[in-house]
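Note sheet for the following structure.
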Amino acid sequence: MPPTLEDRPVRRGAARGVRRNGIDAFHGLRYATLSDPANPCAATVPSSGQLKGAELTDVPVFPQLPSRLEGVMGPGIRDNPQSDDAFFFNVWAPAEADRLPVLVFLHGGAWVSGGGAARWYRGERLASEGLVVVTLNYRIGPAGHLDDGVADDRHRPIEDCLAALRVVADRIGDFGGDPDRIALAGQSAGAWYAWALSSLPETRGLIRRTALFSIPAITPWTADSRRAFTARVHETCDRNAGGWVPGALLEAGAKVLADSPRIPGAIPPMYLPVWPTERAGADLPLHVEALHLRVTAQEMSVFLPPYAPGTRAASLLLETLRARTAGESLPEDPVPESWSRDRAETVARASWHGFGRFADAIGRAAAARGVRVTQHRFTAFAGPGDLGATHCFDLPFQFGNRDDWRDAPMLEGWSAEAFEAVSRGLRAEIAGFVTRSP
């Protein structure tokens, strides 16, 4: 979003920003840097500073290839430069903010793409609901997940998010935020991180509330599985004279994932977080006071093979999913009129297995421990008729920034009025969750 004649420079503490539509925006705030600039897997050290004169899309994101969901979300992430040292966060705050509640958002992207500086996550409209909104980058893909031969139990993206959260808590008062009222939200891979972070002793008293949007049911990597995946990537990668070859590793990792066996009806193979499997169950103890969960009604529609109705492949997939979810009561949601009964059942069972069941179990476990839990199902349909309420389709409405999603095919056919009506409700919902008194 380019500056307008109404924009004017502002300062908060040492940060430089711009005031637009009554919201102060600060882009490219550094929270860390690599301890070894030549090694993208290196530990980070705290750092500060700000990119000069940066618009949101001037802020680098971590190296990545085009997302597998670009066909529905559009190419928005391509607007940002890429860097192995993209440890930045961004802040939006109402002009007169004074100890307002804070919402920190962690982006998704299957652990291999995305970034908090993508225009998709511009926080201006969300901040206008009376919040201070923060987005941040964390390491993804090879730099975040390949074994570096140093510490098998480390998961670098978790460390990145922890480092950023500490800096946000320390500095958010400069932007009119209340460090005692920080809510952590995430979508997809970001939701998994928000959930995991909300259980760590390091965040006790730092994160007060957590919102999980489309949290996937995954089995995290162990140190052994990460080592095995890393070996496959290195075998695939032409490392030439040795050392870190970022572009080659990205391509090699993508090839290894593409060649990995795919479970019918499940999310395609991905890079995964390293986390003790015994601590990855839905009953993971959370130390927050409130939890908000949201799934889209047809999460899996964009991931399933486009089998023609009535074909042997379509029937086998449905039979597999029926066996996998036998005896379970599935939510009943509206579906596109063009869908056959079998297509609707296939998507419903896959979505429950891949997302809904896990979110529901997390909510029940948290409520049993006295956490206040709210849940929401997003049921608006994406423009293309074969998607329904697919994975990621809630994001434009959550942030309310339609112009930043101008090239997203999933918004085709949505009028400005209809978009705003849905967005208004979603923004109010999350703002109410963040700001509500205990």
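Ligands are numbered from 1 in the order shown, chains are lettered A, B, ... in the order of the structure tokens, and residues start at 1 in each chain.
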
Requested in this report: Write down as an MDAnalysis selection string the residues of region 48-234 of chain A whose backbone DSSP state falls under strand (DSSP E).
Outcome: chainID A and resid 88:94 100:106 132:136 177:187 209:213

Query raised in the report: Leaving out region 254-267 of chain A and any residue of its chain fewer than 3 positions from it, which residues lie within 10 Å of it when counting only C-alpha atoms, given as a PyMOL selection string?
Result: chain A and resi 65+110+112+141-142+216-218+229-230+232-237+248-251+270-271+300-305+316-318+320-321+324+346-347+349-351+353-355

Go ahead and write the residues just picked, N, CA and C atoms, as a short mmCIF file (atom, residue, chain, number, x, y, z; two decimals), in the first residue's frame.
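Listing of again_22.cif after writing:
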```
data_model
loop_
_atom_site.label_atom_id
_atom_site.label_comp_id
_atom_site.auth_asym_id
_atom_site.auth_seq_id
_atom_site.Cartn_x
_atom_site.Cartn_y
_atom_site.Cartn_z
N LEU A 65 10.84 -20.80 -1.93
CA LEU A 65 10.32 -20.97 -3.28
C LEU A 65 8.85 -20.57 -3.28
N ALA A 110 3.32 -23.92 5.74
CA ALA A 110 3.82 -25.30 5.71
C ALA A 110 5.29 -25.39 6.13
N VAL A 112 7.74 -23.82 5.24
CA VAL A 112 8.71 -23.63 4.16
C VAL A 112 8.49 -22.33 3.40
N GLY A 141 11.99 -23.55 6.05
CA GLY A 141 12.73 -24.35 5.08
C GLY A 141 14.06 -24.87 5.60
N PRO A 142 15.08 -24.96 4.74
CA PRO A 142 16.37 -25.53 5.13
C PRO A 142 17.00 -24.85 6.34
N PRO A 216 -2.80 -27.62 12.22
CA PRO A 216 -2.78 -28.93 11.57
C PRO A 216 -2.42 -30.04 12.55
N ALA A 217 -2.96 -31.22 12.30
CA ALA A 217 -2.61 -32.40 13.08
C ALA A 217 -1.38 -33.04 12.43
N ILE A 218 -0.24 -32.91 13.07
CA ILE A 218 1.00 -33.43 12.51
C ILE A 218 1.72 -34.29 13.55
N PHE A 229 16.15 -36.80 7.04
CA PHE A 229 15.69 -35.90 5.99
C PHE A 229 16.85 -35.05 5.48
N THR A 230 17.66 -34.55 6.39
CA THR A 230 18.80 -33.72 6.01
C THR A 230 19.75 -34.49 5.09
N ARG A 232 19.01 -36.91 3.06
CA ARG A 232 18.38 -37.03 1.74
C ARG A 232 18.51 -35.74 0.95
N VAL A 233 18.36 -34.60 1.63
CA VAL A 233 18.51 -33.32 0.94
C VAL A 233 19.93 -33.14 0.44
N HIS A 234 20.91 -33.46 1.27
CA HIS A 234 22.30 -33.29 0.87
C HIS A 234 22.68 -34.25 -0.26
N GLU A 235 22.10 -35.44 -0.26
CA GLU A 235 22.35 -36.36 -1.35
C GLU A 235 21.77 -35.84 -2.67
N THR A 236 20.66 -35.15 -2.57
CA THR A 236 19.98 -34.62 -3.76
C THR A 236 20.64 -33.34 -4.26
N CYS A 237 21.21 -32.59 -3.34
CA CYS A 237 21.74 -31.26 -3.66
C CYS A 237 23.14 -31.34 -4.25
N ALA A 248 20.24 -23.95 -4.00
CA ALA A 248 20.31 -25.38 -4.29
C ALA A 248 19.64 -26.19 -3.20
N LEU A 249 19.80 -25.80 -1.95
CA LEU A 249 19.16 -26.52 -0.86
C LEU A 249 17.64 -26.37 -0.89
N LEU A 250 17.17 -25.20 -1.26
CA LEU A 250 15.73 -25.01 -1.40
C LEU A 250 15.17 -25.96 -2.45
N GLU A 251 15.83 -26.02 -3.59
CA GLU A 251 15.37 -26.89 -4.67
C GLU A 251 15.46 -28.36 -4.27
N MET A 270 5.84 -32.33 4.33
CA MET A 270 6.34 -30.99 4.62
C MET A 270 7.60 -31.08 5.46
N TYR A 271 8.37 -29.98 5.50
CA TYR A 271 9.30 -29.79 6.60
C TYR A 271 8.46 -29.77 7.87
N MET A 300 -9.31 -28.99 3.78
CA MET A 300 -8.51 -29.86 2.93
C MET A 300 -8.85 -29.78 1.45
N SER A 301 -9.83 -28.99 1.06
CA SER A 301 -10.25 -29.01 -0.36
C SER A 301 -9.10 -28.65 -1.30
N VAL A 302 -8.22 -27.75 -0.87
CA VAL A 302 -7.14 -27.31 -1.75
C VAL A 302 -6.00 -28.33 -1.81
N PHE A 303 -5.94 -29.26 -0.88
CA PHE A 303 -4.84 -30.23 -0.84
C PHE A 303 -5.18 -31.57 -1.49
N LEU A 304 -6.46 -31.85 -1.69
CA LEU A 304 -6.86 -33.17 -2.19
C LEU A 304 -6.68 -33.28 -3.69
N PRO A 305 -6.35 -34.46 -4.20
CA PRO A 305 -6.21 -34.64 -5.65
C PRO A 305 -7.53 -34.35 -6.36
N LEU A 316 -11.71 -44.93 -3.92
CA LEU A 316 -10.71 -45.47 -2.99
C LEU A 316 -10.33 -44.46 -1.93
N LEU A 317 -10.20 -43.19 -2.34
CA LEU A 317 -9.85 -42.16 -1.37
C LEU A 317 -10.93 -42.02 -0.32
N LEU A 318 -12.20 -42.03 -0.74
CA LEU A 318 -13.29 -41.90 0.22
C LEU A 318 -13.34 -43.11 1.14
N THR A 320 -10.83 -44.91 2.09
CA THR A 320 -9.71 -44.76 3.03
C THR A 320 -10.07 -43.78 4.15
N LEU A 321 -10.68 -42.67 3.79
CA LEU A 321 -11.03 -41.66 4.79
C LEU A 321 -12.15 -42.14 5.70
N ARG A 324 -10.53 -44.22 8.25
CA ARG A 324 -9.69 -43.42 9.15
C ARG A 324 -10.53 -42.64 10.16
N THR A 346 -15.87 -36.61 1.19
CA THR A 346 -14.41 -36.76 1.14
C THR A 346 -13.73 -35.56 1.78
N VAL A 347 -14.14 -34.36 1.40
CA VAL A 347 -13.52 -33.15 1.95
C VAL A 347 -13.80 -33.04 3.44
N ARG A 349 -14.38 -35.44 5.66
CA ARG A 349 -13.61 -36.41 6.44
C ARG A 349 -12.12 -36.06 6.44
N ALA A 350 -11.60 -35.62 5.31
CA ALA A 350 -10.19 -35.23 5.25
C ALA A 350 -9.93 -34.01 6.12
N SER A 351 -10.83 -33.06 6.12
CA SER A 351 -10.66 -31.83 6.90
C SER A 351 -10.74 -32.13 8.40
N HIS A 353 -9.99 -35.05 9.79
CA HIS A 353 -8.79 -35.82 10.12
C HIS A 353 -7.54 -34.94 10.17
N GLY A 354 -7.43 -33.98 9.24
CA GLY A 354 -6.22 -33.18 9.15
C GLY A 354 -6.19 -31.95 10.04
N PHE A 355 -7.37 -31.45 10.44
CA PHE A 355 -7.42 -30.21 11.20
C PHE A 355 -8.45 -30.24 12.34
#
```

Report task. Extract, using only C-alpha atoms, all DNA, RNA and protein residues at most 10 Å from Pro276 (chain A), discarding same-chain residues fewer than 3 positions from it, and format them as a list of chain:residue names. Result ->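 Once the nearby chain positions are removed, what remains is A:Asp153, A:Thr219, A:Pro220, A:Trp221, A:Thr222, A:Ala223, A:Pro273, A:Arg279, A:Ala280, A:Gly281.
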
Restricted to N, CA, C and O atoms, what would the selected residues look like written as an mmCIF file, in the first residue's frame?
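Listed below is the output, selection_12.cif:
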```
data_model
loop_
_atom_site.group_PDB
_atom_site.id
_atom_site.type_symbol
_atom_site.label_atom_id
_atom_site.label_comp_id
_atom_site.auth_asym_id
_atom_site.auth_seq_id
_atom_site.Cartn_x
_atom_site.Cartn_y
_atom_site.Cartn_z
ATOM 1 N N ASP A 153 18.529 -31.302 19.609
ATOM 2 C CA ASP A 153 17.253 -31.012 20.243
ATOM 3 C C ASP A 153 16.792 -29.577 20.011
ATOM 4 O O ASP A 153 15.752 -29.171 20.511
ATOM 5 N N THR A 219 2.640 -35.096 13.085
ATOM 6 C CA THR A 219 3.571 -35.785 13.971
ATOM 7 C C THR A 219 4.928 -35.127 13.785
ATOM 8 O O THR A 219 5.534 -35.247 12.715
ATOM 9 N N PRO A 220 5.417 -34.382 14.765
ATOM 10 C CA PRO A 220 6.670 -33.642 14.586
ATOM 11 C C PRO A 220 7.844 -34.582 14.322
ATOM 12 O O PRO A 220 7.800 -35.782 14.618
ATOM 13 N N TRP A 221 8.892 -34.016 13.757
ATOM 14 C CA TRP A 221 10.128 -34.752 13.590
ATOM 15 C C TRP A 221 10.794 -34.977 14.942
ATOM 16 O O TRP A 221 10.731 -34.128 15.835
ATOM 17 N N THR A 222 11.468 -36.102 15.059
ATOM 18 C CA THR A 222 12.431 -36.309 16.121
ATOM 19 C C THR A 222 13.796 -35.882 15.586
ATOM 20 O O THR A 222 13.949 -35.608 14.384
ATOM 21 N N ALA A 223 14.791 -35.851 16.459
ATOM 22 C CA ALA A 223 16.136 -35.517 15.992
ATOM 23 C C ALA A 223 16.603 -36.519 14.933
ATOM 24 O O ALA A 223 17.254 -36.154 13.944
ATOM 25 N N PRO A 273 8.421 -29.326 12.420
ATOM 26 C CA PRO A 273 9.163 -28.898 13.617
ATOM 27 C C PRO A 273 9.748 -30.084 14.352
ATOM 28 O O PRO A 273 9.226 -31.201 14.283
ATOM 29 N N ARG A 279 5.293 -34.966 23.694
ATOM 30 C CA ARG A 279 4.759 -33.658 24.100
ATOM 31 C C ARG A 279 3.925 -33.018 23.014
ATOM 32 O O ARG A 279 3.597 -31.844 23.086
ATOM 33 N N ALA A 280 3.566 -33.787 21.980
ATOM 34 C CA ALA A 280 2.853 -33.202 20.843
ATOM 35 C C ALA A 280 1.380 -33.557 20.823
ATOM 36 O O ALA A 280 0.697 -33.304 19.849
ATOM 37 N N GLY A 281 0.869 -34.159 21.907
ATOM 38 C CA GLY A 281 -0.533 -34.524 21.950
ATOM 39 C C GLY A 281 -1.433 -33.338 22.214
ATOM 40 O O GLY A 281 -1.006 -32.285 22.706
#
```

Requested in this report: Check the smallest atom-to-atom distance from each of A:Leu395, A:Ala183, A:Ile207, A:Cys41 to Arg122 (chain A) using only C-alpha atoms, then report the winner.
Outcome: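 Of A:Leu395, A:Ala183, A:Ile207, A:Cys41, the one nearest Arg122 (chain A), counting only C-alpha atoms, is A:Leu395.
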